[in-house]
Amino acid sequence: MRTSRHPLPTRTQALLGALLAALAVLAALLGTAPAAHADTSICEPFGSTTIQGRYVVQNNRWGTSQTQCITATDSGFRITQADGSVPTNGAPKSYPSLFNGCHYTNCSPGTRLPAQLSAISSAPTGISYSYVSDAVYDAAYDIWLDPTPRTDGVNRTEIMVWFNKVGSVQPVGSQVGTATVAGRQWQVWSGNNGSNDVLSFVAPAAIGSWSFDVMDFVRQAVSRGLAQNNWYLTSVQAGFEPWQNGTGLAVTSFSSTINTGDGSGNPGTPAACTVSYTTNVWQGGFTADVTLTNSGSSPVGDWKLGFTLPAGQQITSAWNATLAPASGGVTAGALAYNAQIPAGGKVSFGFQGTYSGSFAKPAAFTLNGAACATA
């Protein structure tokens with residue numbers, strides 16, 4: 001059924017316009033005009049900006065002349081326009097992404113990359129994606145390795161971790177088997193794109209968010225002869241490779257920390273933390289009460305606690321936090337009323353779940369990507 005809008009009488013329109021104009025002037029005089037939105041739009045092919053004072057967000061459109069625009073947010077980015085398409089049997093249109101490290105001389109603020117692999121004790125990271133169905137793409141976490149600490153050009157080896165793929169696209173090369181890495185099962189692909197070796201790990205089902213150690217995948221490259229321990233990690237990147245469309249795809253959160261042998265990390269390392277994980281277990285089910293303590297000297301905002309549930313465990317309900325996904329690598333996120341943990345403060349949440357086989361607790365926890373102690 002068609003509907004129509006009925007115009008206001010002319011005199012009413014005039015009075016309303018005058019009132020709105022007066023209100024605008026009054027707001028300007030009082031300094032209460034609406035503040036500009038903090039998000040940054042990028043449409044230049046290789047345009048970039050920084051977020052959180054430590055990560056670079058880049059448009060990185062190189063495979064098409066069609067328009068691509070992204071919007072950098074406080075915690076990641078989203079694709080707002082992705083025109084055109086390219087054949088799915090070739091390279092993608094682009095790799096809009098954000099990163100810690102150096103990419104073609106563009107280095108993230110305060111980064112400690114490149115770093116020699118033998119000096120890195122761990123590289124905890126966390127990522128959350130938002131997907132769409134009306135596009136052809138992969139959601140990929142890239143890990144770049146090179147024999148030299150280069151900050152420009154193409155590295156020797158690229159590790160790609162495919163969190164999701166939609167459409168008839170596949171990694172470079174061919175599938176060479178399967179592997180369990182960081183507690184998850186992956187299809188393993190290996191090949192060369194003409195510029196560098198590519199080792200890809202493809203998830204059999206889409207992963208929405210996950211916290212893991214980058215070095216688990218680096219060790220896979222070393223064991224397969226695609227890197228050596230005296231090589232360098234130059235950057236870690238998270239984003240999308242679209243072939244068709246892509247508007248609406250988003251990275252909603254990202255964290256990356258590089259821990260070296262002396263215990264130091266990369267920029268923005270979160271406050272030190274301790275986790276208490278108490279369980280009540282019965283046949284086939286359990287509850288877990290988690291207390292996260294900020295033992296650092298600065299407050300932590302918008303906290304995200306990452307951990308991996310042992311195989312066979314599934315979350316059925318939760319309180320005082322958001323938890324996703326329900327199994328495997330889980331990220332517990334803050335709610336509006338407990339988003340800030342003051343220095344020396346605590347936040348508690350819990351969940352109920354089911355399990356099969358023998359029961360065990362998560363082996364490790366990370367706060368916004370940095371490892372926590374356990375109590």
# chains A, B, ... in the order shown; residues from 1 in each chain; ligands from 1

call {"tool": "residues_around", "arguments": {"residues": "Asp134 in chain A", "least_positions_apart": "3", "cutoff": "10 Å", "atoms": "only C-alpha atoms", "output": "ChimeraX atom specification"}}
result
/A:131,137,166-167,244-248

call {"tool": "write_last_selection", "arguments": {"atoms": "N, CA and C atoms", "output": "PDB file, in the first residue's frame"}}
result
ATOM      1  N   TYR A 131      30.816 -10.537   9.842  1.00  0.00           N
ATOM      2  CA  TYR A 131      30.742 -11.024   8.471  1.00  0.00           C
ATOM      3  C   TYR A 131      29.453 -10.606   7.766  1.00  0.00           C
ATOM      4  N   TYR A 137      34.742 -13.442  -0.317  1.00  0.00           N
ATOM      5  CA  TYR A 137      35.890 -12.920   0.425  1.00  0.00           C
ATOM      6  C   TYR A 137      36.467 -13.990   1.338  1.00  0.00           C
ATOM      7  N   VAL A 166      33.894 -17.080   2.100  1.00  0.00           N
ATOM      8  CA  VAL A 166      32.577 -17.133   1.487  1.00  0.00           C
ATOM      9  C   VAL A 166      32.766 -17.105  -0.019  1.00  0.00           C
ATOM     10  N   GLY A 167      32.211 -18.088  -0.719  1.00  0.00           N
ATOM     11  CA  GLY A 167      32.358 -18.164  -2.163  1.00  0.00           C
ATOM     12  C   GLY A 167      33.438 -19.142  -2.580  1.00  0.00           C
ATOM     13  N   GLN A 244      34.419 -10.005  -4.519  1.00  0.00           N
ATOM     14  CA  GLN A 244      33.171  -9.395  -4.981  1.00  0.00           C
ATOM     15  C   GLN A 244      32.494  -8.691  -3.808  1.00  0.00           C
ATOM     16  N   ASN A 245      32.131  -7.434  -4.007  1.00  0.00           N
ATOM     17  CA  ASN A 245      31.455  -6.633  -2.976  1.00  0.00           C
ATOM     18  C   ASN A 245      32.292  -6.592  -1.695  1.00  0.00           C
ATOM     19  N   GLY A 246      31.657  -6.657  -0.540  1.00  0.00           N
ATOM     20  CA  GLY A 246      32.391  -6.609   0.722  1.00  0.00           C
ATOM     21  C   GLY A 246      31.915  -5.543   1.684  1.00  0.00           C
ATOM     22  N   THR A 247      30.993  -4.704   1.246  1.00  0.00           N
ATOM     23  CA  THR A 247      30.476  -3.660   2.135  1.00  0.00           C
ATOM     24  C   THR A 247      29.842  -4.297   3.377  1.00  0.00           C
ATOM     25  N   GLY A 248      30.197  -3.772   4.535  1.00  0.00           N
ATOM     26  CA  GLY A 248      29.654  -4.268   5.795  1.00  0.00           C
ATOM     27  C   GLY A 248      30.602  -5.162   6.565  1.00  0.00           C
TER      28      GLY A 248
END

call {"tool": "residues_around", "arguments": {"residues": "Ser118 in chain A", "least_positions_apart": "2", "cutoff": "10 Å", "atoms": "only C-alpha atoms", "output": "VMD selection string"}}
result
chain A and resid 115 to 116 120 to 121 228 to 233 260 to 261

call {"tool": "closest_atom_pairs", "arguments": {"of": "range 152-194 of chain A", "to": "range 305-312 of chain A", "cutoff": "10 Å", "atoms": "only C-alpha atoms", "output": "tab-separated table"}}
result
residue	atom	partner	partner_atom	distance
A:Ala182	CA	A:Thr308	CA	9.0
A:Gly183	CA	A:Thr308	CA	7.8
A:Arg184	CA	A:Ala311	CA	9.4

call {"tool": "select_by_dssp", "arguments": {"residues": "range 127-186 of chain A", "states": "strand (DSSP E)", "output": "MDAnalysis selection string"}}
result
chainID A and resid 127:130 136:146 157:166 174:181 184:186

call {"tool": "residues_around", "arguments": {"residues": "range 353-355 of chain A", "least_positions_apart": "3", "cutoff": "9 Å", "atoms": "only C-alpha atoms", "output": "PyMOL selection string"}}
result
chain A and resi 283-288+311-318+326+358-359

call {"tool": "write_last_selection", "arguments": {"atoms": "all heavy atoms", "output": "CSV table (one decimal), in the first residue's frame"}}
result
chain,number,residue,atom,x,y,z
A,283,GLN,N,28.5,-34.5,36.7
A,283,GLN,CA,28.5,-35.3,35.5
A,283,GLN,C,27.9,-34.6,34.3
A,283,GLN,O,26.7,-34.4,34.2
A,283,GLN,CB,27.8,-36.6,35.8
A,283,GLN,CG,27.9,-37.6,34.6
A,283,GLN,CD,29.3,-38.1,34.4
A,283,GLN,OE1,30.1,-38.3,35.3
A,283,GLN,NE2,29.7,-38.2,33.1
A,284,GLY,N,28.8,-34.3,33.3
A,284,GLY,CA,28.3,-33.7,32.1
A,284,GLY,C,28.1,-32.2,32.1
A,284,GLY,O,27.8,-31.6,31.1
A,285,GLY,N,28.3,-31.5,33.3
A,285,GLY,CA,28.1,-30.1,33.3
A,285,GLY,C,29.0,-29.4,34.3
A,285,GLY,O,29.6,-30.1,35.2
A,286,PHE,N,29.0,-28.1,34.3
A,286,PHE,CA,29.9,-27.4,35.2
A,286,PHE,C,29.5,-25.9,35.2
A,286,PHE,O,28.8,-25.4,34.3
A,286,PHE,CB,31.4,-27.5,34.8
A,286,PHE,CG,31.7,-26.8,33.5
A,286,PHE,CD1,32.4,-25.5,33.6
A,286,PHE,CD2,31.5,-27.3,32.3
A,286,PHE,CE1,32.7,-24.9,32.4
A,286,PHE,CE2,31.8,-26.7,31.1
A,286,PHE,CZ,32.5,-25.4,31.2
A,287,THR,N,29.9,-25.2,36.2
A,287,THR,CA,29.9,-23.7,36.2
A,287,THR,C,31.3,-23.2,36.5
A,287,THR,O,32.1,-23.9,37.2
A,287,THR,CB,28.9,-23.2,37.3
A,287,THR,OG1,29.4,-23.6,38.6
A,287,THR,CG2,27.5,-23.6,37.0
A,288,ALA,N,31.6,-22.1,36.0
A,288,ALA,CA,32.9,-21.4,36.2
A,288,ALA,C,32.7,-20.0,36.7
A,288,ALA,O,31.9,-19.3,36.1
A,288,ALA,CB,33.7,-21.5,34.9
A,311,ALA,N,38.8,-29.3,24.7
A,311,ALA,CA,37.9,-30.0,23.8
A,311,ALA,C,36.8,-30.7,24.6
A,311,ALA,O,36.9,-31.3,25.6
A,311,ALA,CB,38.7,-31.1,23.0
A,312,GLY,N,35.6,-30.6,24.0
A,312,GLY,CA,34.4,-31.2,24.6
A,312,GLY,C,33.6,-30.3,25.5
A,312,GLY,O,32.4,-30.7,25.9
A,313,GLN,N,34.1,-29.1,25.8
A,313,GLN,CA,33.4,-28.2,26.6
A,313,GLN,C,32.6,-27.2,25.8
A,313,GLN,O,33.0,-26.7,24.7
A,313,GLN,CB,34.3,-27.4,27.5
A,313,GLN,CG,35.0,-28.3,28.6
A,313,GLN,CD,35.8,-27.6,29.6
A,313,GLN,OE1,35.7,-26.4,29.7
A,313,GLN,NE2,36.6,-28.3,30.3
A,314,GLN,N,31.4,-26.8,26.2
A,314,GLN,CA,30.5,-25.9,25.5
A,314,GLN,C,29.8,-25.0,26.5
A,314,GLN,O,29.2,-25.4,27.5
A,314,GLN,CB,29.4,-26.7,24.7
A,314,GLN,CG,28.5,-25.9,23.9
A,314,GLN,CD,28.9,-25.8,22.5
A,314,GLN,OE1,29.8,-26.5,22.0
A,314,GLN,NE2,28.2,-24.9,21.7
A,315,ILE,N,29.8,-23.7,26.3
A,315,ILE,CA,29.1,-22.7,27.1
A,315,ILE,C,27.6,-22.7,26.8
A,315,ILE,O,27.3,-22.6,25.6
A,315,ILE,CB,29.8,-21.3,27.0
A,315,ILE,CG1,31.2,-21.3,27.4
A,315,ILE,CG2,29.0,-20.3,27.8
A,315,ILE,CD1,32.0,-20.0,27.2
A,316,THR,N,26.8,-22.7,27.8
A,316,THR,CA,25.3,-22.7,27.6
A,316,THR,C,24.7,-21.4,28.0
A,316,THR,O,23.7,-21.0,27.5
A,316,THR,CB,24.6,-23.8,28.2
A,316,THR,OG1,24.9,-23.8,29.6
A,316,THR,CG2,25.1,-25.2,27.6
A,317,SER,N,25.3,-20.7,29.0
A,317,SER,CA,24.8,-19.4,29.5
A,317,SER,C,25.9,-18.7,30.2
A,317,SER,O,26.9,-19.3,30.7
A,317,SER,CB,23.6,-19.6,30.4
A,317,SER,OG,23.9,-20.4,31.6
A,318,ALA,N,25.8,-17.4,30.4
A,318,ALA,CA,26.8,-16.6,31.1
A,318,ALA,C,26.2,-15.4,31.8
A,318,ALA,O,25.0,-15.0,31.5
A,318,ALA,CB,27.8,-16.1,30.0
A,326,ALA,N,31.0,-20.2,21.7
A,326,ALA,CA,30.6,-21.1,22.8
A,326,ALA,C,31.6,-22.2,23.1
A,326,ALA,O,31.5,-22.9,24.2
A,326,ALA,CB,29.2,-21.7,22.6
A,358,SER,N,36.9,-36.2,30.1
A,358,SER,CA,37.4,-35.7,31.3
A,358,SER,C,37.4,-34.2,31.4
A,358,SER,O,37.5,-33.6,30.4
A,358,SER,CB,38.8,-36.2,31.6
A,358,SER,OG,39.7,-35.8,30.5
A,359,PHE,N,37.2,-33.7,32.6
A,359,PHE,CA,37.0,-32.2,32.7
A,359,PHE,C,38.4,-31.6,33.0
A,359,PHE,O,39.2,-32.1,33.8
A,359,PHE,CB,36.1,-31.8,33.9
A,359,PHE,CG,35.9,-30.4,34.0
A,359,PHE,CD1,35.0,-29.7,33.2
A,359,PHE,CD2,36.6,-29.6,35.0
A,359,PHE,CE1,34.8,-28.3,33.3
A,359,PHE,CE2,36.5,-28.3,35.1
A,359,PHE,CZ,35.6,-27.6,34.3

call {"tool": "closest_residue", "arguments": {"among": "A:Ser122, A:Thr279, A:Ser327, A:Ser195", "to": "Lys361 in chain A", "atoms": "only C-alpha atoms"}}
result
A:Thr279

call {"tool": "residues_around", "arguments": {"residues": "range 300-304 of chain A", "least_positions_apart": "4", "cutoff": "7 Å", "atoms": "only C-alpha atoms", "output": "PyMOL selection string"}}
result
chain A and resi 271+331-334+339-342+367-368

call {"tool": "closest_residue", "arguments": {"among": "A:Ala139, A:Ala205, A:Val218, A:Leu292", "to": "Lys346 in chain A", "atoms": "only C-alpha atoms"}}
result
A:Leu292

call {"tool": "closest_atom_pairs", "arguments": {"of": "range 161-184 of chain A", "to": "range 80-101 of chain A", "cutoff": "9 Å", "atoms": "only C-alpha atoms", "output": "tab-separated table"}}
result
residue	atom	partner	partner_atom	distance
A:Gly167	CA	A:Thr88	CA	8.4
A:Ser168	CA	A:Thr88	CA	6.7
A:Val169	CA	A:Thr88	CA	5.8
A:Gln170	CA	A:Asn89	CA	8.3

call {"tool": "write_last_selection", "arguments": {"atoms": "N, CA and C atoms", "output": "PDB file, in the first residue's frame"}}
result
ATOM      1  N   GLY A 167      32.211 -18.088  -0.719  1.00  0.00           N
ATOM      2  CA  GLY A 167      32.358 -18.164  -2.163  1.00  0.00           C
ATOM      3  C   GLY A 167      33.438 -19.142  -2.580  1.00  0.00           C
ATOM      4  N   SER A 168      33.650 -19.235  -3.892  1.00  0.00           N
ATOM      5  CA  SER A 168      34.567 -20.237  -4.455  1.00  0.00           C
ATOM      6  C   SER A 168      35.987 -19.697  -4.544  1.00  0.00           C
ATOM      7  N   VAL A 169      36.552 -19.352  -3.413  1.00  0.00           N
ATOM      8  CA  VAL A 169      37.933 -18.871  -3.367  1.00  0.00           C
ATOM      9  C   VAL A 169      38.756 -19.830  -2.531  1.00  0.00           C
ATOM     10  N   GLN A 170      40.051 -19.848  -2.796  1.00  0.00           N
ATOM     11  CA  GLN A 170      40.945 -20.731  -2.049  1.00  0.00           C
ATOM     12  C   GLN A 170      42.315 -20.079  -1.917  1.00  0.00           C
TER      13      GLN A 170
END

call {"tool": "select_by_dssp", "arguments": {"residues": "range 133-359 of chain A", "states": "helix (DSSP H, G or I)", "output": "list of chain:residue names"}}
result
A:Val214, A:Met215, A:Asp216, A:Phe217, A:Val218, A:Arg219, A:Gln220, A:Ala221, A:Val222, A:Ser223, A:Ala336, A:Tyr337, A:Asn338

call {"tool": "closest_residue", "arguments": {"among": "A:Val176, A:His103, A:Ala140, A:Asn192", "to": "Asp152 in chain A", "atoms": "only C-alpha atoms"}}
result
A:His103
